[in-house]
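Asks: If it helps, the file is called final.txt and holds compact mmCIF, C-alpha atoms (C1' of nucleotides) and all ligand atoms:
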```txt
# COMPACT_ATOMS: atom_id res chain seq x y z
CA MET W 1 0.00 0.00 0.00
CA PHE W 2 2.65 2.47 1.04
CA GLU W 3 5.64 0.82 -0.64
CA LYS W 4 5.63 3.47 -3.33
CA TYR W 5 5.98 6.31 -0.83
CA VAL W 6 8.47 4.41 1.31
CA ARG W 7 10.62 4.10 -1.78
CA ILE W 8 10.37 7.82 -2.55
CA LEU W 9 11.38 8.80 0.97
CA LYS W 10 14.28 6.35 1.03
CA GLU W 11 15.55 7.54 -2.33
CA HIS W 12 15.91 10.94 -0.72
CA SER W 13 17.35 9.44 2.49
CA MET W 14 14.50 10.89 4.48
CA LYS W 15 13.19 9.08 7.53
CA VAL W 16 10.09 7.06 6.85
CA THR W 17 7.31 8.06 9.22
CA PRO W 18 3.64 7.16 9.13
CA GLN W 19 2.76 10.86 8.94
CA ARG W 20 4.86 11.43 5.83
CA LEU W 21 3.45 8.32 4.21
CA GLU W 22 -0.10 9.46 4.86
CA ILE W 23 0.59 12.95 3.54
CA LEU W 24 2.17 11.60 0.38
CA ARG W 25 -0.69 9.18 -0.13
CA TYR W 26 -3.23 11.95 0.39
CA LEU W 27 -1.53 14.18 -2.16
CA ASP W 28 -1.16 11.33 -4.62
CA GLU W 29 -4.76 10.18 -4.39
CA HIS W 30 -6.37 13.63 -4.13
CA ARG W 31 -4.95 15.56 -7.02
CA ASN W 32 -6.90 18.63 -5.91
CA HIS W 33 -3.95 20.83 -4.94
CA PRO W 34 -5.04 20.99 -1.31
CA THR W 35 -4.10 23.42 1.45
CA VAL W 36 -2.39 22.35 4.65
CA GLU W 37 -5.76 22.71 6.35
CA MET W 38 -7.43 20.32 3.89
CA ILE W 39 -4.74 17.68 4.36
CA TYR W 40 -4.88 18.12 8.11
CA LEU W 41 -8.64 17.82 8.47
CA GLU W 42 -8.76 14.70 6.34
CA LEU W 43 -5.84 12.85 7.94
CA LYS W 44 -6.89 13.84 11.44
CA LYS W 45 -9.98 11.67 11.03
CA ARG W 46 -7.88 8.53 11.03
CA SER W 47 -5.02 9.80 13.24
CA PRO W 48 -6.49 12.10 15.87
CA SER W 49 -3.11 12.78 17.43
CA LEU W 50 -1.80 14.31 14.23
CA SER W 51 -0.46 17.84 14.58
CA LYS W 52 -0.92 20.56 12.03
CA THR W 53 2.70 21.53 12.58
CA THR W 54 3.66 18.13 11.24
CA ILE W 55 1.85 18.88 8.01
CA TYR W 56 3.69 22.19 7.71
CA ASN W 57 7.03 20.53 8.49
CA SER W 58 6.40 17.66 6.11
CA VAL W 59 5.28 19.60 3.08
CA GLU W 60 8.21 21.95 3.62
CA ILE W 61 10.79 19.18 3.59
CA LEU W 62 9.04 17.28 0.80
CA GLU W 63 9.16 20.39 -1.31
CA LYS W 64 12.78 21.08 -0.42
CA HIS W 65 13.62 17.60 -1.75
CA GLY W 66 11.69 18.30 -4.94
CA ILE W 67 9.18 15.55 -4.23
CA ILE W 68 6.18 17.86 -4.26
CA GLN W 69 5.67 21.50 -5.18
CA SER W 70 3.79 24.40 -3.68
CA LEU W 71 1.51 26.84 -5.45
CA ARG W 72 0.32 30.28 -4.42
CA ILE W 73 -2.57 30.90 -6.70
CA ILE W 74 -5.76 31.81 -4.90
CA GLY W 75 -6.65 33.25 -1.54
CA ASN W 76 -3.84 33.52 0.91
CA GLU W 77 -3.08 29.89 1.49
CA THR W 78 -0.35 27.84 -0.07
CA ARG W 79 -1.49 24.81 -2.02
CA TYR W 80 0.45 21.61 -2.52
CA ASP W 81 0.84 19.48 -5.60
CA TYR W 82 1.94 15.85 -5.72
CA ARG W 83 3.40 16.59 -9.12
CA SER W 84 6.72 18.35 -8.89
CA ASP W 85 7.33 18.57 -12.62
CA LEU W 86 6.80 21.80 -14.52
CA HIS W 87 3.22 22.25 -15.59
CA HIS W 88 0.61 24.97 -15.64
CA HIS W 89 -2.73 25.32 -13.90
CA PHE W 90 -6.23 26.47 -14.58
CA ILE W 91 -8.43 27.78 -11.77
CA CYS W 92 -12.17 27.81 -12.33
CA LYS W 93 -13.76 30.96 -10.93
CA LYS W 94 -17.10 29.14 -10.54
CA CYS W 95 -16.27 25.86 -8.84
CA GLY W 96 -12.81 26.75 -7.56
CA ARG W 97 -11.20 23.58 -8.84
CA ILE W 98 -7.57 23.69 -9.95
CA PHE W 99 -6.76 21.72 -13.09
CA ASP W 100 -3.39 20.65 -14.39
CA ILE W 101 -2.47 22.02 -17.80
CA ASP W 102 0.34 20.24 -19.58
CA LEU W 103 2.14 22.39 -22.07
CA THR W 104 5.69 23.45 -22.68
CA CYS W 105 6.16 27.17 -22.27
CA PRO W 106 7.35 28.59 -25.58
CA VAL W 107 8.50 31.98 -24.32
CA ILE W 108 11.56 31.16 -22.21
CA ASP W 109 13.91 31.96 -25.06
CA ARG W 110 12.41 35.39 -25.45
CA VAL W 111 12.82 36.11 -21.74
CA GLU W 112 16.42 34.89 -21.75
CA LYS W 113 17.19 37.09 -24.76
CA ASN W 114 16.50 40.04 -22.44
CA GLY W 115 19.40 38.93 -20.24
CA PHE W 116 17.50 37.03 -17.57
CA LYS W 117 18.53 33.53 -16.54
CA VAL W 118 15.27 31.60 -16.14
CA GLU W 119 15.27 28.83 -13.52
CA GLU W 120 11.57 28.40 -12.83
CA ILE W 121 8.38 28.97 -14.76
CA HIS W 122 5.05 29.50 -13.05
CA GLY W 123 1.90 29.94 -15.03
CA TYR W 124 -1.77 29.73 -14.43
CA PHE W 125 -4.98 30.71 -16.12
CA LYS W 126 -8.24 31.78 -14.55
CA GLY W 127 -11.63 31.39 -16.12
CA ILE W 128 -14.53 28.96 -16.35
CA CYS W 129 -13.99 25.24 -16.67
CA LYS W 130 -15.72 22.94 -19.15
CA ASP W 131 -18.16 21.52 -16.61
CA CYS W 132 -19.23 24.93 -15.35
CA LEU W 133 -19.62 26.26 -18.90
CA GLU W 134 -21.94 23.36 -19.71
CA LYS W 135 -23.94 23.95 -16.56
CA GLU W 136 -24.34 27.62 -17.52
CA ILE W 137 -25.72 26.62 -20.91
CA GLU W 138 -28.21 24.20 -19.33
CA GLU W 139 -29.43 26.92 -16.98
CA ASN W 140 -29.49 29.95 -19.27
CA GLY W 141 -29.82 28.41 -22.67
CA PRO W 142 -27.09 28.58 -25.30
CA LYS W 143 -25.11 31.83 -25.64
CA GLY W 144 -26.81 33.29 -22.55
CA THR W 145 -30.17 33.87 -24.29
CA SER W 146 -32.01 35.59 -21.44
CA MET Q 1 0.52 66.90 -9.90
CA PHE Q 2 -2.39 64.66 -9.05
CA GLU Q 3 -4.67 65.54 -11.98
CA LYS Q 4 -3.85 62.26 -13.65
CA TYR Q 5 -5.05 60.22 -10.68
CA VAL Q 6 -8.05 62.46 -10.06
CA ARG Q 7 -9.10 61.73 -13.62
CA ILE Q 8 -8.70 57.98 -13.17
CA LEU Q 9 -10.79 57.95 -10.00
CA LYS Q 10 -13.50 60.12 -11.57
CA GLU Q 11 -13.66 57.95 -14.65
CA HIS Q 12 -14.60 55.11 -12.34
CA SER Q 13 -16.94 57.34 -10.30
CA MET Q 14 -14.92 56.72 -7.21
CA LYS Q 15 -14.59 59.37 -4.55
CA VAL Q 16 -11.41 61.36 -4.79
CA THR Q 17 -9.56 61.25 -1.48
CA PRO Q 18 -6.02 62.35 -0.67
CA GLN Q 19 -5.22 58.82 0.50
CA ARG Q 20 -6.23 57.26 -2.82
CA LEU Q 21 -4.32 59.87 -4.73
CA GLU Q 22 -1.18 59.22 -2.72
CA ILE Q 23 -1.49 55.47 -3.12
CA LEU Q 24 -1.96 55.77 -6.87
CA ARG Q 25 0.98 58.13 -7.13
CA TYR Q 26 3.15 55.82 -5.08
CA LEU Q 27 2.30 52.85 -7.28
CA ASP Q 28 2.80 54.88 -10.44
CA GLU Q 29 6.15 56.30 -9.44
CA HIS Q 30 7.52 53.19 -7.72
CA ARG Q 31 7.08 50.42 -10.22
CA ASN Q 32 8.49 47.93 -7.73
CA HIS Q 33 5.32 45.89 -7.14
CA PRO Q 34 5.19 46.82 -3.46
CA THR Q 35 3.39 45.20 -0.56
CA VAL Q 36 0.77 46.99 1.52
CA GLU Q 37 3.42 47.36 4.21
CA MET Q 38 5.82 49.07 1.82
CA ILE Q 39 3.20 51.54 0.65
CA TYR Q 40 2.12 52.16 4.22
CA LEU Q 41 5.58 52.84 5.63
CA GLU Q 42 6.43 55.23 2.84
CA LEU Q 43 3.21 57.25 2.84
CA LYS Q 44 3.06 57.35 6.63
CA LYS Q 45 6.17 59.54 6.59
CA ARG Q 46 4.24 62.39 5.03
CA SER Q 47 0.82 61.59 6.50
CA PRO Q 48 1.30 60.24 10.01
CA SER Q 49 -2.42 59.76 10.56
CA LEU Q 50 -2.67 57.30 7.69
CA SER Q 51 -4.13 53.94 8.60
CA LYS Q 52 -2.94 50.64 7.22
CA THR Q 53 -6.56 49.63 6.86
CA THR Q 54 -6.97 52.45 4.39
CA ILE Q 55 -4.24 50.94 2.24
CA TYR Q 56 -5.97 47.57 2.36
CA ASN Q 57 -9.33 49.14 1.54
CA SER Q 58 -7.91 51.27 -1.24
CA VAL Q 59 -5.93 48.64 -3.08
CA GLU Q 60 -8.94 46.34 -2.84
CA ILE Q 61 -11.32 48.81 -4.45
CA LEU Q 62 -8.73 49.97 -6.99
CA GLU Q 63 -8.23 46.38 -8.04
CA LYS Q 64 -11.97 45.74 -8.16
CA HIS Q 65 -12.26 48.62 -10.63
CA GLY Q 66 -9.44 47.20 -12.72
CA ILE Q 67 -7.22 50.21 -12.09
CA ILE Q 68 -4.42 48.20 -10.51
CA GLN Q 69 -3.73 44.49 -10.17
CA SER Q 70 -2.49 42.26 -7.39
CA LEU Q 71 0.18 39.60 -7.59
CA ARG Q 72 0.90 36.67 -5.30
CA ILE Q 73 4.37 35.64 -6.27
CA ILE Q 74 6.76 35.49 -3.38
CA GLY Q 75 6.49 35.09 0.37
CA ASN Q 76 3.05 35.34 1.80
CA GLU Q 77 2.26 38.91 1.02
CA THR Q 78 0.21 40.27 -1.82
CA ARG Q 79 1.98 42.71 -4.10
CA TYR Q 80 0.39 45.50 -6.09
CA ASP Q 81 1.04 46.67 -9.60
CA TYR Q 82 0.10 50.03 -11.10
CA ARG Q 83 -0.19 48.29 -14.43
CA SER Q 84 -3.46 46.43 -14.76
CA ASP Q 85 -2.84 45.18 -18.28
CA LEU Q 86 -1.82 41.62 -18.97
CA HIS Q 87 1.90 41.10 -18.65
CA HIS Q 88 4.31 38.64 -17.11
CA HIS Q 89 6.90 39.02 -14.38
CA PHE Q 90 10.40 37.95 -13.58
CA ILE Q 91 11.56 37.61 -9.95
CA CYS Q 92 15.26 37.67 -9.27
CA LYS Q 93 16.25 35.14 -6.62
CA LYS Q 94 19.32 37.22 -5.76
CA CYS Q 95 18.09 40.78 -5.40
CA GLY Q 96 14.38 40.06 -5.05
CA ARG Q 97 13.35 42.63 -7.64
CA ILE Q 98 10.28 41.99 -9.73
CA PHE Q 99 10.56 42.94 -13.40
CA ASP Q 100 7.81 43.41 -15.94
CA ILE Q 101 8.01 41.10 -18.92
CA ASP Q 102 5.97 42.15 -21.92
CA LEU Q 103 5.01 39.29 -24.16
CA THR Q 104 1.79 37.93 -25.52
CA CYS Q 105 1.09 34.46 -24.22
CA PRO Q 106 0.92 32.10 -27.18
CA VAL Q 107 -0.74 29.16 -25.42
CA ILE Q 108 -4.25 30.45 -24.69
CA ASP Q 109 -5.63 28.79 -27.78
CA ARG Q 110 -4.28 25.45 -26.71
CA VAL Q 111 -5.87 25.81 -23.27
CA GLU Q 112 -9.19 26.86 -24.76
CA LYS Q 113 -9.14 23.88 -27.11
CA ASN Q 114 -9.40 21.74 -23.96
CA GLY Q 115 -12.77 23.34 -23.21
CA PHE Q 116 -11.67 25.98 -20.71
CA LYS Q 117 -12.75 29.60 -21.09
CA VAL Q 118 -9.66 31.66 -20.25
CA GLU Q 119 -10.31 35.06 -18.64
CA GLU Q 120 -6.98 35.78 -16.95
CA ILE Q 121 -3.39 34.78 -17.52
CA HIS Q 122 -0.81 34.89 -14.77
CA GLY Q 123 2.75 34.04 -15.55
CA TYR Q 124 6.05 34.60 -13.90
CA PHE Q 125 9.59 33.38 -14.13
CA LYS Q 126 12.14 32.99 -11.38
CA GLY Q 127 15.87 33.14 -11.85
CA ILE Q 128 18.74 35.60 -11.87
CA CYS Q 129 18.44 39.05 -13.40
CA LYS Q 130 20.92 40.64 -15.76
CA ASP Q 131 22.48 42.89 -13.11
CA CYS Q 132 23.00 40.04 -10.65
CA LEU Q 133 24.46 37.82 -13.37
CA GLU Q 134 26.99 40.51 -14.22
CA LYS Q 135 27.87 40.96 -10.56
CA GLU Q 136 28.46 37.21 -10.26
CA ILE Q 137 30.87 37.31 -13.18
CA GLU Q 138 32.78 40.24 -11.66
CA GLU Q 139 33.13 38.38 -8.37
CA ASN Q 140 33.80 34.83 -9.55
CA GLY Q 141 35.25 35.35 -12.96
CA PRO Q 142 33.52 34.25 -16.15
CA LYS Q 143 31.64 30.92 -16.14
CA GLY Q 144 32.19 30.54 -12.41
CA THR Q 145 35.88 29.64 -12.76
CA SER Q 146 36.67 28.90 -9.12
C1' DT I 1 -24.74 75.22 3.54
C1' DT I 2 -26.95 70.98 4.58
C1' DT I 3 -27.21 66.30 3.95
C1' DT I 4 -25.97 61.68 3.16
C1' DA I 5 -23.48 58.05 1.61
C1' DA I 6 -18.93 56.61 1.48
C1' DA I 7 -14.15 56.68 3.24
C1' DT I 8 -10.91 56.72 6.96
C1' DT I 9 -9.29 55.36 11.28
C1' DG I 10 -7.63 52.41 15.11
C1' DA I 11 -8.56 48.58 17.71
C1' DA I 12 -9.82 43.97 17.93
C1' DA I 13 -10.52 39.53 15.66
C1' DT I 14 -9.22 36.11 12.42
C1' DT I 15 -6.25 33.30 9.58
C1' DA I 16 -1.97 31.36 7.93
C1' DT I 17 2.40 30.33 9.21
C1' DT I 18 6.60 29.87 12.12
C1' DA I 19 9.24 29.16 16.44
C1' DC I 20 10.25 26.46 20.13
C1' DA I 21 10.88 23.06 23.85
C1' DA I 22 9.45 18.60 25.41
C1' DT I 23 8.55 14.04 24.00
C1' DT I 24 8.59 10.27 20.90
C1' DT I 25 10.30 7.70 17.12
C1' DT I 26 13.37 6.10 13.41
C1' DA I 27 17.42 4.11 11.90
C1' DT I 28 21.93 2.68 13.05
C1' DA I 29 25.42 0.47 15.74
C1' DT I 30 26.17 -2.81 19.16
C1' DA B 1 17.24 -7.68 20.48
C1' DT B 2 19.07 -3.18 22.81
C1' DA B 3 21.12 0.96 23.30
C1' DT B 4 22.02 5.27 21.18
C1' DA B 5 21.81 9.54 18.70
C1' DA B 6 19.77 12.23 15.47
C1' DA B 7 15.61 13.59 13.56
C1' DA B 8 10.52 13.91 13.61
C1' DT B 9 6.29 14.83 16.00
C1' DT B 10 3.51 17.32 19.03
C1' DG B 11 1.16 21.20 21.35
C1' DT B 12 1.56 25.69 22.61
C1' DA B 13 2.91 30.18 21.97
C1' DA B 14 4.47 33.82 18.87
C1' DT B 15 4.33 36.27 14.56
C1' DA B 16 2.59 38.16 10.33
C1' DA B 17 -0.95 39.27 6.98
C1' DT B 18 -5.44 40.38 6.44
C1' DT B 19 -10.31 41.28 7.77
C1' DT B 20 -13.98 43.02 10.67
C1' DC B 21 -16.16 46.54 12.94
C1' DA B 22 -17.94 50.75 15.10
C1' DA B 23 -16.96 55.53 15.62
C1' DT B 24 -15.55 59.60 13.29
C1' DT B 25 -14.55 62.32 9.38
C1' DT B 26 -14.98 63.70 4.67
C1' DA B 27 -16.44 64.19 -0.34
C1' DA B 28 -19.74 65.45 -3.30
C1' DA B 29 -24.58 66.14 -4.40
C1' DA B 30 -28.72 68.78 -3.37
MN MN S 1 -0.67 20.56 -10.60
MN MN S 2 4.04 44.35 -13.38
ZN ZN S 3 -15.69 24.95 -12.74
ZN ZN S 4 18.83 40.53 -9.37
```
Take the structure in the file and give it back as structure tokens.
Ligand SMILES: [Mn+2]
Ligand SMILES: [Mn+2]
Ligand SMILES: [Zn+2]
Ligand SMILES: [Zn+2]
Replies:
Amino acid sequence: MFEKYVRILKEHSMKVTPQRLEILRYLDEHRNHPTVEMIYLELKKRSPSLSKTTIYNSVEILEKHGIIQSLRIIGNETRYDYRSDLHHHFICKKCGRIFDIDLTCPVIDRVEKNGFKVEEIHGYFKGICKDCLEKEIEENGPKGTS
Amino acid sequence: MFEKYVRILKEHSMKVTPQRLEILRYLDEHRNHPTVEMIYLELKKRSPSLSKTTIYNSVEILEKHGIIQSLRIIGNETRYDYRSDLHHHFICKKCGRIFDIDLTCPVIDRVEKNGFKVEEIHGYFKGICKDCLEKEIEENGPKGTS
DNA sequence: TTTTAAATTGAAATTATTACAATTTTATAT
DNA sequence: ATATAAAATTGTAATAATTTCAATTTAAAA
């Protein structure tokens, strides 16, 4: 069940603790880019002695080792992403969900031509997701015929 | 001196107050994407009765009217930008400065093909700026010859 | 000049995050 | 299997950013 996450931690010579395993599993199975609070509330159900500080400590060290990544997109909470590879995001203004967008950024060259050395790329789009667009059409008729 | 900002506020039928004028002028003249704290500390010098809450209120309403925009890029503070038009940013990991990057994002079409309706684009790059790169070369010799 | 709605202010409350010291646990060496 | 040391977890307290709120002041319309 947890072998996968045990392996990841050991590859980074990090100590294997039940808390870290649960956090990794949560992030892996809930690809919803959760906040610390969301992880905490969910895991606390099964492990009532869990401390929120442990979540903060764990996501910090997991990110430092490049196992996960953090996002600051909406509100004033940091969100965490099981995927640590470079990808973009789409935030739906209606339902609040955060979607992964896989595309290679084609503008790095142009930025580097200006003399900057680019080490990280962060990009996200805001708008209305497919599901919410379809719901709008059901409710208001096509093209917002009111 | 302030006519420009008076005009902007009136165009949006917002009340013209000295606090709003000062905030707009600060943002216009300091294109450093400051935090509320930075604006506050600077303006407080000349207007000791200024309240930080006023800064929060003002930037909120200015953003709501599309006059300025907010950025959440580094740390856990919101930064404010006199420019409200779509543009990207570059954050230097050495000196911490935030640069404007003007380029038209060429990937919107691809995102919209997936069914999303894109309304906002937020993009930023992290790395080392030109100045800091040059300083590094001065200090360490070219190509980091140590 | 009067009036009224909106803005400003400062204090208190809330929320997210970090710091810290005591305790527990993991992983290693015996 | 046990002892050990370093690291992780925990709970509480501290900090930092932001929001709420009620009282006061002010801008702009009548
Ligand atoms: Mn993601
Ligand atoms: Mn900018
Ligand atoms: Zn949606
Ligand atoms: Zn720099």
Asks: Which of these, I:DA21, I:DA5, I:DA12, I:DA27, has the shortest distance to chain W once you count all atoms listed in the file?
Replies: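 That would be I:DA27, the residue with the smallest distance to chain W.
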Asks: Mind pulling up the distance from CA of Thr78 (chain W) to C1' of DA17 (chain B)?
Replies: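 CA of Thr78 (chain W) lies 13.4 Å from C1' of DA17 (chain B).
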Asks: Quote the spacing between CA of Thr104 (chain W) and CA of His87 (chain W) in Å to one decimal place.
Replies: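 Answer for the CA of Thr104 (chain W) to CA of His87 (chain W) separation: 7.6 Å.
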Asks: Can you provide chain Q as a CSV table (one decimal) with C-alpha atoms, keeping the file's coordinate frame, superposed onto chain W by least squares across all C-alpha atoms matched in order?
Replies:
```
chain,number,residue,atom,x,y,z
Q,1,MET,CA,0.1,0.0,-0.1
Q,2,PHE,CA,2.8,2.5,0.9
Q,3,GLU,CA,5.8,0.9,-0.7
Q,4,LYS,CA,5.7,3.6,-3.4
Q,5,TYR,CA,6.1,6.4,-0.9
Q,6,VAL,CA,8.6,4.5,1.2
Q,7,ARG,CA,10.7,4.2,-1.9
Q,8,ILE,CA,10.4,8.0,-2.6
Q,9,LEU,CA,11.4,8.9,0.9
Q,10,LYS,CA,14.4,6.5,0.9
Q,11,GLU,CA,15.6,7.7,-2.4
Q,12,HIS,CA,16.0,11.1,-0.8
Q,13,SER,CA,17.4,9.6,2.4
Q,14,MET,CA,14.6,11.0,4.4
Q,15,LYS,CA,13.2,9.2,7.4
Q,16,VAL,CA,10.2,7.2,6.8
Q,17,THR,CA,7.4,8.1,9.2
Q,18,PRO,CA,3.7,7.2,9.1
Q,19,GLN,CA,2.8,10.9,8.9
Q,20,ARG,CA,4.9,11.5,5.8
Q,21,LEU,CA,3.5,8.4,4.2
Q,22,GLU,CA,0.0,9.5,4.8
Q,23,ILE,CA,0.6,13.0,3.5
Q,24,LEU,CA,2.2,11.7,0.3
Q,25,ARG,CA,-0.6,9.2,-0.2
Q,26,TYR,CA,-3.2,12.0,0.4
Q,27,LEU,CA,-1.5,14.2,-2.2
Q,28,ASP,CA,-1.1,11.4,-4.7
Q,29,GLU,CA,-4.7,10.2,-4.4
Q,30,HIS,CA,-6.3,13.6,-4.2
Q,31,ARG,CA,-5.0,15.6,-7.1
Q,32,ASN,CA,-6.9,18.6,-5.9
Q,33,HIS,CA,-4.0,20.8,-4.9
Q,34,PRO,CA,-5.1,21.0,-1.3
Q,35,THR,CA,-4.2,23.4,1.4
Q,36,VAL,CA,-2.4,22.4,4.7
Q,37,GLU,CA,-5.8,22.7,6.4
Q,38,MET,CA,-7.4,20.3,3.9
Q,39,ILE,CA,-4.8,17.7,4.4
Q,40,TYR,CA,-4.9,18.1,8.1
Q,41,LEU,CA,-8.6,17.8,8.5
Q,42,GLU,CA,-8.7,14.7,6.3
Q,43,LEU,CA,-5.8,12.8,7.9
Q,44,LYS,CA,-6.9,13.8,11.4
Q,45,LYS,CA,-9.9,11.6,11.0
Q,46,ARG,CA,-7.8,8.5,11.0
Q,47,SER,CA,-5.0,9.8,13.2
Q,48,PRO,CA,-6.4,12.0,15.8
Q,49,SER,CA,-3.0,12.7,17.4
Q,50,LEU,CA,-1.8,14.3,14.2
Q,51,SER,CA,-0.4,17.8,14.6
Q,52,LYS,CA,-0.9,20.6,12.0
Q,53,THR,CA,2.7,21.5,12.6
Q,54,THR,CA,3.7,18.2,11.2
Q,55,ILE,CA,1.8,18.9,8.0
Q,56,TYR,CA,3.7,22.2,7.7
Q,57,ASN,CA,7.0,20.6,8.5
Q,58,SER,CA,6.4,17.7,6.1
Q,59,VAL,CA,5.2,19.7,3.1
Q,60,GLU,CA,8.2,22.0,3.6
Q,61,ILE,CA,10.8,19.3,3.6
Q,62,LEU,CA,9.0,17.4,0.8
Q,63,GLU,CA,9.1,20.5,-1.3
Q,64,LYS,CA,12.7,21.2,-0.4
Q,65,HIS,CA,13.6,17.8,-1.8
Q,66,GLY,CA,11.7,18.4,-5.0
Q,67,ILE,CA,9.2,15.7,-4.3
Q,68,ILE,CA,6.2,18.0,-4.3
Q,69,GLN,CA,5.6,21.6,-5.2
Q,70,SER,CA,3.7,24.5,-3.7
Q,71,LEU,CA,1.4,26.9,-5.5
Q,72,ARG,CA,0.2,30.3,-4.4
Q,73,ILE,CA,-2.7,30.9,-6.7
Q,74,ILE,CA,-5.9,31.8,-4.9
Q,75,GLY,CA,-6.7,33.3,-1.5
Q,76,ASN,CA,-4.0,33.5,1.0
Q,77,GLU,CA,-3.2,29.9,1.5
Q,78,THR,CA,-0.4,27.9,0.0
Q,79,ARG,CA,-1.6,24.8,-2.0
Q,80,TYR,CA,0.4,21.7,-2.5
Q,81,ASP,CA,0.8,19.5,-5.6
Q,82,TYR,CA,2.0,15.9,-5.7
Q,83,ARG,CA,3.4,16.6,-9.1
Q,84,SER,CA,6.7,18.4,-8.9
Q,85,ASP,CA,7.3,18.6,-12.7
Q,86,LEU,CA,6.8,21.8,-14.6
Q,87,HIS,CA,3.2,22.3,-15.6
Q,88,HIS,CA,0.6,25.0,-15.7
Q,89,HIS,CA,-2.8,25.3,-13.9
Q,90,PHE,CA,-6.3,26.5,-14.6
Q,91,ILE,CA,-8.5,27.8,-11.8
Q,92,CYS,CA,-12.2,27.8,-12.3
Q,93,LYS,CA,-13.8,31.0,-10.9
Q,94,LYS,CA,-17.1,29.1,-10.5
Q,95,CYS,CA,-16.3,25.9,-8.8
Q,96,GLY,CA,-12.8,26.8,-7.5
Q,97,ARG,CA,-11.2,23.6,-8.9
Q,98,ILE,CA,-7.6,23.7,-10.0
Q,99,PHE,CA,-6.8,21.8,-13.1
Q,100,ASP,CA,-3.4,20.7,-14.4
Q,101,ILE,CA,-2.5,22.0,-17.8
Q,102,ASP,CA,0.3,20.2,-19.6
Q,103,LEU,CA,2.1,22.4,-22.1
Q,104,THR,CA,5.6,23.4,-22.7
Q,105,CYS,CA,6.1,27.1,-22.3
Q,106,PRO,CA,7.3,28.6,-25.5
Q,107,VAL,CA,8.5,31.9,-24.2
Q,108,ILE,CA,11.6,31.0,-22.1
Q,109,ASP,CA,13.9,31.7,-24.9
Q,110,ARG,CA,12.5,35.2,-25.3
Q,111,VAL,CA,12.9,35.9,-21.6
Q,112,GLU,CA,16.5,34.6,-21.6
Q,113,LYS,CA,17.4,36.7,-24.5
Q,114,ASN,CA,16.8,39.7,-22.2
Q,115,GLY,CA,19.6,38.5,-20.0
Q,116,PHE,CA,17.6,36.6,-17.4
Q,117,LYS,CA,18.5,33.1,-16.4
Q,118,VAL,CA,15.2,31.2,-16.0
Q,119,GLU,CA,15.1,28.4,-13.4
Q,120,GLU,CA,11.4,28.1,-12.7
Q,121,ILE,CA,8.2,28.8,-14.7
Q,122,HIS,CA,4.9,29.4,-13.0
Q,123,GLY,CA,1.8,29.9,-15.0
Q,124,TYR,CA,-1.8,29.7,-14.4
Q,125,PHE,CA,-5.0,30.7,-16.1
Q,126,LYS,CA,-8.3,31.8,-14.5
Q,127,GLY,CA,-11.7,31.4,-16.1
Q,128,ILE,CA,-14.6,29.0,-16.3
Q,129,CYS,CA,-14.0,25.3,-16.7
Q,130,LYS,CA,-15.7,23.0,-19.2
Q,131,ASP,CA,-18.2,21.5,-16.6
Q,132,CYS,CA,-19.3,24.9,-15.4
Q,133,LEU,CA,-19.7,26.3,-18.9
Q,134,GLU,CA,-22.0,23.4,-19.7
Q,135,LYS,CA,-24.0,23.9,-16.6
Q,136,GLU,CA,-24.4,27.6,-17.5
Q,137,ILE,CA,-25.8,26.6,-20.9
Q,138,GLU,CA,-28.2,24.2,-19.3
Q,139,GLU,CA,-29.5,26.9,-17.0
Q,140,ASN,CA,-29.5,29.9,-19.2
Q,141,GLY,CA,-29.8,28.4,-22.6
Q,142,PRO,CA,-27.1,28.6,-25.3
Q,143,LYS,CA,-25.2,31.9,-25.6
Q,144,GLY,CA,-26.8,33.3,-22.5
Q,145,THR,CA,-30.1,33.9,-24.2
Q,146,SER,CA,-32.0,35.7,-21.4
```
Asks: For ligand MN 1 (chain S), list the contacting residues at 8 Å or closer, counting all atoms listed in the file, as a ChimeraX atom specification.
Replies: /W:31,33,81-84,87-89,98-101
Asks: Produce as a list in words the set of residues near ligand ZN 3 (chain S), where near means within 6 Å with all atoms listed in the file considered.
Replies: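 After applying the 6 Å limit, what remains is Cys92, Lys94, Cys95, Ile128, Cys129, Asp131 and Cys132 of chain W.
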Asks: Report the distance between CA of Ile8 (chain Q) and CA of Glu29 (chain Q) in Å, rounded to one decimal place.
Replies: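 Result for CA of Ile8 (chain Q) versus CA of Glu29 (chain Q): 15.4 Å, one decimal.
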Asks: In terms of the shortest atom-to-atom distance over only C-alpha atoms (C1' of nucleotides), which of Q:Phe125, Q:Phe90, Q:Tyr80, Q:Tyr56 is closest to chain I?
Replies: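 Between Q:Phe125, Q:Phe90, Q:Tyr80, Q:Tyr56, the residue approaching chain I most closely is Q:Tyr56.
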